[in-house]
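Structure, as structure tokens:
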Amino acid sequence: MTQKKLIIIFGASSAGKRALNFFSKTHDILCFVDNDSQKQKNKFLNKNVISPDEIKDLNWDKIMIASIYSSEIKYQLIEMGIQESLIDCVSDDIIHGFPGRVRGVYHFFCKLISRLKSRIIFLLWRSTIPHISFFMNELGIYFLVWSKKLLHLLGSGIPIQNYPDRLLTLHKKIRYEQNRYNREYEHLKYFGKYPLQGLALLGIFGGRGTEERFDDYRLNNIIHENDRILDIGCANGFMTLYTAFRTGCQAEGIDINPHLIKIGQYCTDFLKLTDCVHLHVKDFQMFEANHKYSVVFSFAAHHTWDNRHRPDFDQYIKKIYDLLSDNGYLLFETHSSEVGTTEFYQKMKRQGNLFSCINSTKFWNEYPCRREFFVMKKIPSLKAQPKKGEI
């Protein structure tokens, strides 16, 4: 007699109950797993409920995910080092119950309408007339992704999460990392549940549009194929990779947040830019390089808006100076709160021995926020060190 395979069901809920009833005749159910700490260490249907961290301490053959959040849970398990071949997602019919397909379509449309409504409001708030093409591009890709999901849901019995589409897979990975970021950095939800940066090229919605800013700042007039750039506090790294995508330059981005960097790395891989784009989890204050950069981006990166990370401004600018090659450029963007303040302009004036300001421009393209963008050129010979408090 063939021995039954030993499985773990991820999801101590109604879907998990249906999964247990479905698999109990053909498999041995070891236990349930759930991310909810209130369910852990308790019993569910006479089975123990354990935390994800305890999975590796047990012997089992397969993990069956019984949850509407199966794609996020699957990537969670893979990140823990569990082989993808040992993970399966329970079909929609089991998760939703009879008639599963009807409920699945209903759930699909509820999610679509909810997300679309919030996205239209958000994009209209962010967009201005010159950027309407990017607005339409984002919505177009949004409908493309969701229409593929719907067609797949209606057309086959294969769960949506297994649909072999690179763009859908990319979005699932991004959603998983963004959810982890939102949970771990509750105080830094800059734009609700959406990423800090948007990238219309890949249909990624975010607070600050990358393509718009690239064109507004006229970066294609400053950066060329033979340049090497550093993007400080790059967040998702979208400006880093998009600059390389548009100009062919070598681009490096650093940020202290591992989840944001992971999103950027997924997109870099998707666009096949790994030869020219490198994103790292690093603190700029600890950062060292064995080469010089021709251009450095500091886009609202000299401190965080909540002031939890606020290095000395003069030391920050001096370090950028040391990283730049002779006649290199510092492209500097302010925080909204700094525009028009005497204190900030006094800080900038102190850097006159290090950089000459080529031009500065104020932007209102993220109304009601405004920014000021400076193009600053390194003065090759350092005449005098700027002193703190000197004006």
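Identifiers in this document derive from the order of the structure tokens: chains are assigned A, B, ..., residues are numbered from 1 separately in each chain, and ligands are numbered from 1 in order of occurrence.
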
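Residues in contact with stretch 216-228 of chain A at 9 Å, where only C-alpha atoms are counted and same-chain residues fewer than 5 positions away are skipped, are listed as A:Glu211, A:Thr243, A:Ala244, A:Arg246, A:Thr247, A:Gly248, A:Cys249, A:Gln250, A:Ala251, A:Glu252, A:Lys292, A:Tyr293, A:Ser294, A:Val295, A:Val296, A:Tyr329, A:Thr361, A:Phe363, A:Asn365, A:Phe373.
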
Filtering to N, CA and C atoms, could you give me those residues as a tab-separated table (two decimals), in the first residue's frame?
```tsv
chain	number	residue	atom	x	y	z
A	211	GLU	N	9.31	58.61	-15.03
A	211	GLU	CA	9.48	59.16	-16.38
A	211	GLU	C	9.26	60.66	-16.40
A	243	THR	N	17.32	55.78	-15.76
A	243	THR	CA	18.38	56.60	-16.35
A	243	THR	C	19.30	55.74	-17.20
A	244	ALA	N	19.64	54.56	-16.70
A	244	ALA	CA	20.47	53.63	-17.50
A	244	ALA	C	19.71	53.17	-18.73
A	246	ARG	N	17.45	54.81	-20.41
A	246	ARG	CA	17.32	55.88	-21.39
A	246	ARG	C	18.66	56.32	-21.99
A	247	THR	N	19.73	56.25	-21.20
A	247	THR	CA	21.00	56.83	-21.65
A	247	THR	C	22.08	55.80	-21.94
A	248	GLY	N	21.95	54.59	-21.38
A	248	GLY	CA	22.99	53.58	-21.56
A	248	GLY	C	24.15	53.72	-20.61
A	249	CYS	N	24.03	54.58	-19.59
A	249	CYS	CA	25.13	54.80	-18.65
A	249	CYS	C	25.23	53.66	-17.64
A	250	GLN	N	26.32	53.66	-16.87
A	250	GLN	CA	26.46	52.76	-15.73
A	250	GLN	C	25.81	53.43	-14.52
A	251	ALA	N	24.95	52.72	-13.83
A	251	ALA	CA	24.19	53.33	-12.74
A	251	ALA	C	24.24	52.47	-11.49
A	252	GLU	N	24.43	53.14	-10.36
A	252	GLU	CA	24.50	52.46	-9.08
A	252	GLU	C	23.58	53.19	-8.11
A	292	LYS	N	35.40	56.84	-9.02
A	292	LYS	CA	34.71	58.13	-8.99
A	292	LYS	C	33.46	58.07	-9.86
A	293	TYR	N	32.53	58.95	-9.57
A	293	TYR	CA	31.29	59.06	-10.34
A	293	TYR	C	31.28	60.39	-11.08
A	294	SER	N	30.74	60.37	-12.29
A	294	SER	CA	30.64	61.61	-13.06
A	294	SER	C	29.38	62.40	-12.69
A	295	VAL	N	28.37	61.70	-12.17
A	295	VAL	CA	27.12	62.36	-11.73
A	295	VAL	C	26.62	61.66	-10.47
A	296	VAL	N	26.19	62.47	-9.50
A	296	VAL	CA	25.57	61.93	-8.29
A	296	VAL	C	24.17	62.52	-8.15
A	329	TYR	N	28.99	66.30	-11.73
A	329	TYR	CA	27.77	67.03	-11.41
A	329	TYR	C	27.05	66.41	-10.22
A	361	THR	N	15.63	75.13	-10.48
A	361	THR	CA	14.26	75.27	-10.98
A	361	THR	C	13.29	74.73	-9.95
A	363	PHE	N	9.58	73.16	-9.06
A	363	PHE	CA	8.58	72.33	-9.72
A	363	PHE	C	7.36	72.15	-8.82
A	365	ASN	N	4.98	69.85	-9.94
A	365	ASN	CA	4.34	68.71	-10.61
A	365	ASN	C	3.85	67.63	-9.67
A	373	PHE	N	15.04	71.96	-7.79
A	373	PHE	CA	16.04	71.07	-8.37
A	373	PHE	C	17.27	71.90	-8.76
```

Handout entry: Between atom CA of A:Val33 and atom CA of A:Asn182, distance in Å (one decimal)
Key = 22.0 Å

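Nearest-residue note for A:Arg183: choosing from A:His259, A:Arg166, A:Arg350, A:Lys17, the minimum distance belongs to A:His259, counting only C-alpha atoms.
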
Exercise for the section: Would you list the contacts of A:Asp326 as a list in words, taking every protein, DNA or RNA residue within 8 Å and counting only C-alpha atoms, but skipping same-chain residues closer than 6 positions in sequence? Expected result: Ser294, Lys378, Ile379 and Pro380 of chain A

Exercise for the section: Pick out the residues sitting within 8 Å of stretch 273-290 of chain A, and hand them over as a count of residues only; count only C-alpha atoms, and ignore anything fewer than 5 positions along from it in its own chain. Expected result: 25
